[in-house]
file run_17.cif (mmCIF, C-alpha atoms and all ligand atoms)
data_final
#
loop_
_atom_site.label_atom_id
_atom_site.label_comp_id
_atom_site.auth_asym_id
_atom_site.auth_seq_id
_atom_site.Cartn_x
_atom_site.Cartn_y
_atom_site.Cartn_z
CA MET W 186 63.70 -38.75 14.89
CA ARG W 187 64.30 -35.09 15.51
CA VAL W 188 64.18 -34.20 11.81
CA ASN W 189 60.94 -36.15 11.49
CA ARG W 190 59.37 -34.36 14.46
CA LEU W 191 60.40 -30.99 13.04
CA ALA W 192 58.93 -31.91 9.64
CA THR W 193 55.65 -32.93 11.29
CA ARG W 194 55.48 -29.62 13.15
CA VAL W 195 56.15 -27.62 9.99
CA LEU W 196 53.53 -29.61 8.07
CA THR W 197 50.97 -29.18 10.86
CA ALA W 198 51.64 -25.42 10.94
CA LEU W 199 51.25 -25.22 7.16
CA ALA W 200 48.04 -27.21 7.25
CA LEU W 201 46.59 -24.94 9.96
CA LEU W 202 47.61 -21.88 7.98
CA LEU W 203 45.94 -23.28 4.86
CA ILE W 204 42.73 -23.97 6.78
CA ALA W 205 42.77 -20.43 8.22
CA VAL W 206 43.23 -18.92 4.75
CA LEU W 207 40.38 -21.06 3.38
CA ILE W 208 38.04 -20.02 6.21
CA ALA W 209 38.89 -16.33 5.68
CA PHE W 210 38.24 -16.73 1.95
CA VAL W 211 34.82 -18.41 2.46
CA VAL W 212 33.75 -15.81 5.07
CA SER W 213 34.67 -12.91 2.79
CA CYS W 214 32.73 -14.50 -0.09
CA VAL W 215 29.59 -14.87 2.05
CA GLN W 216 29.90 -11.28 3.29
CA GLU W 217 30.32 -10.02 -0.24
CA GLU W 218 27.20 -11.89 -1.34
CA GLU W 219 25.19 -10.42 1.52
CA ALA W 220 26.46 -6.92 0.76
CA SER W 221 25.47 -7.12 -2.91
CA GLY W 222 22.09 -8.77 -2.23
CA LYS W 223 19.02 -6.55 -2.04
CA ILE W 224 16.68 -6.31 0.93
CA GLY W 225 13.60 -8.44 0.19
CA VAL W 226 10.52 -6.37 1.05
CA ILE W 227 6.90 -7.58 0.91
CA VAL W 228 4.03 -5.10 0.59
CA THR W 229 0.28 -5.77 0.53
CA ILE W 230 -0.92 -3.38 -2.22
CA PRO W 231 0.70 -1.77 -5.32
CA PRO W 232 0.80 1.86 -4.02
CA GLN W 233 3.04 0.68 -1.16
CA ALA W 234 5.49 -0.69 -3.75
CA GLU W 235 6.08 2.86 -5.02
CA PHE W 236 6.60 4.08 -1.44
CA VAL W 237 9.20 1.37 -0.67
CA GLU W 238 11.00 1.73 -4.01
CA LYS W 239 11.22 5.52 -3.67
CA VAL W 240 12.85 5.22 -0.24
CA GLY W 241 14.87 2.01 -0.74
CA GLY W 242 16.07 2.80 -4.27
CA GLU W 243 18.51 0.20 -5.59
CA ASN W 244 18.75 -1.55 -2.24
CA VAL W 245 15.29 -3.13 -2.22
CA ASP W 246 13.53 -5.92 -4.08
CA VAL W 247 9.76 -5.45 -3.61
CA THR W 248 7.06 -8.13 -3.90
CA VAL W 249 3.39 -7.06 -3.99
CA MET W 250 0.96 -9.54 -2.41
CA VAL W 251 -2.34 -8.25 -3.88
CA PRO W 252 -1.54 -7.83 -7.60
CA PRO W 253 -2.98 -5.10 -9.87
CA GLY W 254 -6.61 -5.81 -10.69
CA ALA W 255 -7.22 -7.90 -7.56
CA SER W 256 -9.07 -6.66 -4.49
CA PRO W 257 -7.30 -6.58 -1.10
CA HIS W 258 -10.71 -7.34 0.41
CA THR W 259 -10.86 -10.83 -1.12
CA TYR W 260 -7.43 -11.86 -2.51
CA GLU W 261 -5.66 -15.05 -1.36
CA PRO W 262 -1.86 -15.51 -1.68
CA THR W 263 -0.31 -18.08 -4.04
CA PRO W 264 2.24 -20.71 -2.83
CA ASN W 265 4.91 -18.75 -4.74
CA GLN W 266 4.10 -15.59 -2.77
CA MET W 267 4.24 -17.59 0.48
CA THR W 268 7.81 -18.60 -0.46
CA ASN W 269 8.70 -14.96 -1.12
CA VAL W 270 7.53 -14.02 2.38
CA ALA W 271 9.60 -16.83 3.88
CA ARG W 272 12.74 -15.36 2.22
CA ALA W 273 12.02 -11.64 2.80
CA GLU W 274 13.54 -9.41 5.47
CA MET W 275 10.66 -6.96 5.88
CA TYR W 276 6.86 -7.03 5.55
CA VAL W 277 5.32 -3.59 5.11
CA LYS W 278 1.67 -3.94 6.07
CA VAL W 279 -0.96 -1.27 5.51
CA GLY W 280 -2.04 -1.91 9.10
CA SER W 281 -5.43 -0.22 8.94
CA GLY W 282 -7.63 -3.31 8.80
CA VAL W 283 -7.37 -4.39 5.14
CA GLU W 284 -9.10 -7.81 4.93
CA PHE W 285 -6.12 -9.48 3.23
CA GLU W 286 -3.95 -8.66 6.25
CA LEU W 287 -6.63 -9.53 8.81
CA VAL W 288 -7.03 -12.98 7.24
CA TRP W 289 -3.47 -13.82 6.11
CA MET W 290 -0.92 -11.79 8.09
CA ASP W 291 -0.44 -14.23 10.98
CA ARG W 292 -0.10 -17.21 8.65
CA LEU W 293 2.36 -15.36 6.39
CA ILE W 294 4.55 -14.15 9.23
CA ALA W 295 4.55 -17.57 10.92
CA GLN W 296 6.81 -18.83 8.11
CA ASN W 297 9.59 -16.36 8.86
CA ASP W 298 10.78 -15.76 12.43
CA ASP W 299 13.28 -13.06 11.42
CA ILE W 300 11.03 -10.86 9.30
CA LEU W 301 10.58 -7.24 10.43
CA VAL W 302 6.93 -6.17 10.25
CA VAL W 303 6.47 -2.45 9.55
CA ASP W 304 3.03 -1.01 10.26
CA CYS W 305 2.39 1.79 7.74
CA SER W 306 -0.64 3.05 9.69
CA LYS W 307 1.44 3.95 12.76
CA GLY W 308 0.70 7.60 13.54
CA ILE W 309 -2.32 7.83 11.21
CA GLN W 310 -5.73 8.73 12.62
CA LEU W 311 -8.31 6.26 11.28
CA ILE W 312 -11.71 7.61 10.26
CA GLU W 313 -15.08 5.88 10.21
CA MET W 314 -16.25 4.25 7.00
CA ALA W 315 -18.26 6.73 4.89
CA GLY W 316 -21.92 5.97 4.45
CA ALA W 317 -22.12 4.43 7.91
CA HIS W 318 -25.17 6.52 8.68
CA GLU W 319 -26.66 6.77 5.20
CA TYR W 320 -28.82 3.67 5.46
CA GLU W 321 -31.35 2.94 8.10
CA GLY W 322 -30.81 -0.82 8.16
CA GLU W 323 -30.88 -1.99 11.78
CA ASP W 324 -27.99 -4.39 11.32
CA TYR W 325 -25.43 -1.81 10.22
CA GLU W 326 -22.27 -2.12 12.23
CA HIS W 327 -21.35 1.30 13.53
CA GLY W 328 -17.77 2.21 14.19
CA THR W 329 -16.30 0.29 11.26
CA MET W 330 -13.03 2.03 10.44
CA ASP W 331 -12.04 2.87 6.88
CA PRO W 332 -8.88 0.92 5.87
CA HIS W 333 -8.04 2.98 2.73
CA ILE W 334 -5.55 5.27 4.51
CA TRP W 335 -3.16 5.57 1.54
CA MET W 336 -5.61 7.64 -0.50
CA SER W 337 -4.56 10.87 1.22
CA PRO W 338 -1.08 12.11 0.21
CA LEU W 339 -0.58 13.43 3.74
CA ASN W 340 -1.16 9.92 5.11
CA ALA W 341 1.19 8.63 2.40
CA ARG W 342 3.94 10.84 3.86
CA ILE W 343 3.49 9.16 7.26
CA MET W 344 3.52 5.72 5.61
CA VAL W 345 6.77 6.64 3.84
CA GLN W 346 8.28 7.75 7.15
CA ASN W 347 7.36 4.38 8.73
CA ILE W 348 8.92 2.55 5.76
CA CYS W 349 12.11 4.62 6.06
CA ASP W 350 12.35 3.77 9.79
CA GLY W 351 12.05 0.06 8.93
CA LEU W 352 14.77 0.18 6.27
CA VAL W 353 17.11 2.04 8.62
CA GLN W 354 16.50 -0.61 11.29
CA ILE W 355 17.46 -3.39 8.86
CA ASP W 356 20.29 -1.55 7.15
CA PRO W 357 21.61 1.24 9.43
CA ASP W 358 24.76 1.71 7.31
CA ASN W 359 22.64 3.30 4.58
CA ARG W 360 20.62 5.58 6.85
CA ALA W 361 21.67 8.78 5.04
CA TYR W 362 20.69 7.31 1.65
CA TYR W 363 17.21 6.24 2.83
CA GLU W 364 16.57 9.53 4.60
CA ALA W 365 17.56 11.60 1.56
CA ASN W 366 15.26 9.47 -0.63
CA ARG W 367 12.47 9.83 1.91
CA ASP W 368 12.85 13.62 1.94
CA ALA W 369 12.77 13.87 -1.86
CA TYR W 370 9.66 11.69 -2.20
CA SER W 371 7.95 13.32 0.75
CA GLN W 372 8.51 16.65 -0.99
CA SER W 373 6.75 15.39 -4.12
CA LEU W 374 3.84 14.16 -1.96
CA ALA W 375 3.56 17.61 -0.36
CA GLN W 376 3.53 19.15 -3.85
CA LEU W 377 0.81 16.68 -4.90
CA ASP W 378 -1.25 17.67 -1.85
CA GLN W 379 -0.90 21.35 -2.71
CA ASP W 380 -1.82 20.73 -6.36
CA ILE W 381 -4.98 18.85 -5.33
CA ARG W 382 -5.96 21.73 -3.02
CA ASP W 383 -5.36 24.24 -5.81
CA GLY W 384 -7.12 22.04 -8.38
CA LEU W 385 -10.27 21.72 -6.29
CA TYR W 386 -10.27 25.34 -5.14
CA GLY W 387 -13.55 27.06 -5.88
CA VAL W 388 -15.38 23.86 -6.87
CA THR W 389 -18.85 24.41 -5.41
CA ASN W 390 -20.47 21.00 -5.86
CA ARG W 391 -18.14 18.90 -3.74
CA THR W 392 -20.12 15.65 -3.65
CA PHE W 393 -19.19 12.59 -5.71
CA MET W 394 -20.62 9.07 -5.97
CA VAL W 395 -18.39 6.00 -6.27
CA TYR W 396 -19.04 2.25 -6.25
CA HIS W 397 -16.36 1.11 -3.78
CA PRO W 398 -15.78 3.57 -0.89
CA ALA W 399 -11.97 3.76 -1.18
CA PHE W 400 -11.81 7.57 -1.26
CA GLY W 401 -12.86 8.49 2.29
CA TYR W 402 -9.44 9.83 3.36
CA PHE W 403 -9.12 11.72 0.08
CA ALA W 404 -12.59 13.23 0.62
CA GLU W 405 -11.77 14.18 4.21
CA ALA W 406 -8.46 15.80 3.28
CA TYR W 407 -10.01 17.98 0.57
CA GLU W 408 -13.43 18.70 2.06
CA LEU W 409 -15.38 16.56 -0.39
CA THR W 410 -18.32 14.27 0.31
CA MET W 411 -18.13 10.69 -0.95
CA LEU W 412 -21.39 8.82 -1.49
CA PRO W 413 -20.60 5.08 -1.74
CA ILE W 414 -22.80 2.77 -3.83
CA GLU W 415 -21.54 -0.44 -2.25
CA GLU W 416 -23.21 -1.32 1.04
CA GLU W 417 -20.90 -3.09 3.50
CA GLY W 418 -18.94 -4.70 0.67
CA LYS W 419 -22.06 -5.84 -1.21
CA GLU W 420 -24.12 -4.70 -4.20
CA PRO W 421 -26.86 -2.31 -3.07
CA THR W 422 -30.39 -3.64 -2.64
CA ALA W 423 -33.22 -2.41 -4.91
CA SER W 424 -34.33 0.13 -2.29
CA GLY W 425 -30.70 1.15 -1.69
CA LEU W 426 -30.31 1.75 -5.41
CA ALA W 427 -33.47 3.85 -5.53
CA HIS W 428 -32.18 5.92 -2.61
CA LEU W 429 -28.83 6.43 -4.41
CA ILE W 430 -30.58 7.61 -7.58
CA ASP W 431 -32.50 10.17 -5.49
CA GLN W 432 -29.26 11.31 -3.85
CA ALA W 433 -27.49 11.63 -7.21
CA LYS W 434 -30.32 13.81 -8.53
CA GLU W 435 -30.42 15.85 -5.33
CA HIS W 436 -26.67 16.64 -5.56
CA ASN W 437 -26.82 17.24 -9.30
CA ILE W 438 -24.27 14.46 -9.90
CA LYS W 439 -23.45 13.75 -13.55
CA VAL W 440 -20.59 11.24 -13.24
CA ILE W 441 -20.72 7.94 -11.33
CA PHE W 442 -17.31 6.51 -10.48
CA ALA W 443 -16.50 2.82 -10.66
CA SER W 444 -13.24 0.95 -9.87
CA PRO W 445 -11.42 -1.58 -12.07
CA GLN W 446 -11.50 -4.17 -9.25
CA PHE W 447 -15.31 -4.16 -8.99
CA ASN W 448 -18.33 -4.82 -11.18
CA PRO W 449 -19.54 -1.46 -12.61
CA GLN W 450 -23.13 -2.68 -13.16
CA SER W 451 -24.86 -0.75 -10.37
CA ALA W 452 -22.87 2.38 -11.25
CA GLU W 453 -24.18 1.99 -14.81
CA VAL W 454 -27.77 1.61 -13.57
CA ILE W 455 -27.52 4.85 -11.58
CA ALA W 456 -25.76 6.70 -14.41
CA ASP W 457 -28.54 5.62 -16.81
CA GLU W 458 -31.24 6.86 -14.44
CA ILE W 459 -29.66 10.31 -14.03
CA GLY W 460 -28.56 10.64 -17.66
CA GLY W 461 -24.91 10.69 -16.56
CA SER W 462 -21.82 8.63 -17.35
CA VAL W 463 -19.55 6.08 -15.64
CA VAL W 464 -15.86 6.91 -15.18
CA PHE W 465 -13.29 4.51 -13.70
CA ILE W 466 -11.01 5.67 -10.90
CA ASP W 467 -8.43 3.43 -9.21
CA SER W 468 -7.39 3.39 -5.57
CA LEU W 469 -4.81 0.63 -6.07
CA ALA W 470 -2.66 1.76 -9.01
CA GLY W 471 1.06 1.20 -8.56
CA ASP W 472 2.10 4.61 -9.88
CA TYR W 473 0.74 6.41 -6.83
CA VAL W 474 1.55 10.07 -7.52
CA GLU W 475 0.56 9.86 -11.19
CA ASN W 476 -2.66 8.07 -10.31
CA LEU W 477 -3.71 10.73 -7.81
CA ARG W 478 -3.08 13.42 -10.42
CA THR W 479 -5.37 11.47 -12.80
CA LEU W 480 -7.94 11.17 -10.02
CA LEU W 481 -7.78 14.92 -9.43
CA GLY W 482 -8.44 15.52 -13.14
CA GLU W 483 -11.41 13.15 -13.22
CA LEU W 484 -12.96 14.51 -10.02
CA GLY W 485 -12.39 18.14 -10.98
CA GLU W 486 -14.06 17.48 -14.33
CA ALA W 487 -17.01 15.59 -12.78
CA MET W 488 -17.76 18.15 -10.05
CA ARG W 489 -17.53 21.26 -12.19
ZN ZN M 1 -11.16 -1.11 -0.76
#

call {"tool": "encode", "arguments": {"input": "run_17.cif", "output": "structure tokens"}}
result
Amino acid sequence: MRVNRLATRVLTALALLLIAVLIAFVVSCVQEEEASGKIGVIVTIPPQAEFVEKVGGENVDVTVMVPPGASPHTYEPTPNQMTNVARAEMYVKVGSGVEFELVWMDRLIAQNDDILVVDCSKGIQLIEMAGAHEYEGEDYEHGTMDPHIWMSPLNARIMVQNICDGLVQIDPDNRAYYEANRDAYSQSLAQLDQDIRDGLYGVTNRTFMVYHPAFGYFAEAYELTMLPIEEEGKEPTASGLAHLIDQAKEHNIKVIFASPQFNPQSAEVIADEIGGSVVFIDSLAGDYVENLRTLLGELGEAMR
């Protein structure tokens, strides 16, 4: 009897020990998996992907909602992208009133209770949409704010700071890594800003015409005047077009800018009338710093 009872006790103790070892093993496996897994980050537009990747480095896996070539004013997410949002840890929104976010943000976020939403526009002063007073149409909505905040490198620095804060909140152990990355990229944005200032120094004709008014913050930062062709997101009317042709002549404009996301037809009409040419510039390219250097080259050339 006694021997039996002792054997039972020993066996029970061994069994408990085995269970404890198994639990410890499973827990350590799960922790290891979490530690090696990247932080899933969703962004709305391609330039934000560069911002997040520069700060997050190897620790982030970025998904862009509005793909290259699509317009954030009209794009709708695919079921696959919805799934990505459901699995992600952070959504980095532009936050300045981009239509995609106004229409979809609530529905996207509703799928994921734990997702951290970072507002890139926090700390950025919004400006009014350019061209708001150009037309005399009675129905123009005054006070519409310009959502294209990322087009000024100084705004980009603030966006990068907001992204860094978000990553530190999710992954505080790597704070030093994210902050060092932020500082390095922020430095290259400051250099870009200086190079644009230098590049446009002494340019006397500082007015440019572009189909889609995505360059308002760029124009404001570098004391340029942007004349948009598009009227409230639509093709200009015949009288609007005639007015634009007059303006182009008045400002001695020789290059009309168009964007890859939009139909260049009305830009071509104006260019034909003034004997100028159409050049494409992009506000949504993923290689942000490189793209702004290209933009500087195109603008500098056109306004000389
Ligand atoms: Zn736009």

call {"tool": "residues_around", "arguments": {"input": "run_17.cif", "residues": "range 455-459 of chain W", "least_positions_apart": "3", "cutoff": "10 Å", "atoms": "all atoms listed in the file", "output": "VMD selection string"}}
result
chain W and resid 394 414 426 to 427 429 to 431 433 to 434 437 to 442 450 to 452 462 to 464

call {"tool": "residues_near_ligand", "arguments": {"input": "run_17.cif", "ligand": "ligand ZN 1 (chain M)", "cutoff": "8 Å", "atoms": "all atoms listed in the file", "output": "list in words"}}
result
Ser256, Pro257, His258, Val283, Pro332, His333, His397, Pro398, Ala399 and Ser468 of chain W

call {"tool": "write_last_selection", "arguments": {"input": "run_17.cif", "atoms": "C-alpha atoms", "output": "compact mmCIF listing (two decimals), keeping the file's coordinate frame"}}
result
# COMPACT_ATOMS: atom_id res chain seq x y z
CA SER W 256 -9.07 -6.66 -4.49
CA PRO W 257 -7.30 -6.58 -1.10
CA HIS W 258 -10.71 -7.34 0.41
CA VAL W 283 -7.37 -4.39 5.14
CA PRO W 332 -8.88 0.92 5.87
CA HIS W 333 -8.04 2.98 2.73
CA HIS W 397 -16.36 1.11 -3.78
CA PRO W 398 -15.78 3.57 -0.89
CA ALA W 399 -11.97 3.76 -1.18
CA SER W 468 -7.39 3.39 -5.57

call {"tool": "residues_around", "arguments": {"input": "run_17.cif", "residues": "Ile334 in chain W", "least_positions_apart": "5", "cutoff": "9 Å", "atoms": "only C-alpha atoms", "output": "list in words"}}
result
Val279, Ser281, Ser306, Ile309, Gln310, Leu311, Ile312, Asn340, Ala341, Ala399, Phe400, Gly401, Tyr402 and Phe403 of chain W

call {"tool": "atom_distance", "arguments": {"input": "run_17.cif", "atom1": "CA of Pro252 in chain W", "atom2": "CA of Leu352 in chain W"}}
result
22.9 Å

call {"tool": "closest_residue", "arguments": {"input": "run_17.cif", "among": "W:Glu243, W:Ile343, W:Val288, W:Lys278", "to": "Pro262 in chain W", "atoms": "only C-alpha atoms"}}
result
W:Val288

call {"tool": "residues_around", "arguments": {"input": "run_17.cif", "residues": "Pro232 in chain W", "least_positions_apart": "3", "cutoff": "6 Å", "atoms": "all atoms listed in the file", "output": "VMD selection string"}}
result
chain W and resid 235 471 473

call {"tool": "residues_near_point", "arguments": {"input": "run_17.cif", "point": "(5.7, -7.8, 4.3)", "cutoff": "10 Å", "atoms": "all atoms listed in the file", "output": "PyMOL selection string"}}
result
chain W and resi 225-229+247-250+269-271+273-279+286+290+293-294+300-304

call {"tool": "atom_distance", "arguments": {"input": "run_17.cif", "atom1": "CA of Tyr260 in chain W", "atom2": "CA of Ile348 in chain W"}}
result
23.3 Å

call {"tool": "atom_distance", "arguments": {"input": "run_17.cif", "atom1": "CA of Gly254 in chain W", "atom2": "CA of Ser371 in chain W"}}
result
26.6 Å

call {"tool": "closest_residue", "arguments": {"input": "run_17.cif", "among": "W:Val240, W:Ile381, W:Met267, W:Leu412", "to": "Ala295 in chain W", "atoms": "all atoms listed in the file"}}
result
W:Met267

call {"tool": "closest_residue", "arguments": {"input": "run_17.cif", "among": "W:Leu469, W:Glu416, W:Leu385, W:Asn297", "to": "Ala404 in chain W", "atoms": "all atoms listed in the file"}}
result
W:Leu385

call {"tool": "closest_residue", "arguments": {"input": "run_17.cif", "among": "W:Met330, W:Cys349, W:Leu339, W:Ala255", "to": "Glu238 in chain W", "atoms": "only C-alpha atoms"}}
result
W:Cys349

call {"tool": "closest_residue", "arguments": {"input": "run_17.cif", "among": "W:Leu287, W:Ala423, W:Val395, W:Met344", "to": "Thr410 in chain W", "atoms": "all atoms listed in the file"}}
result
W:Val395
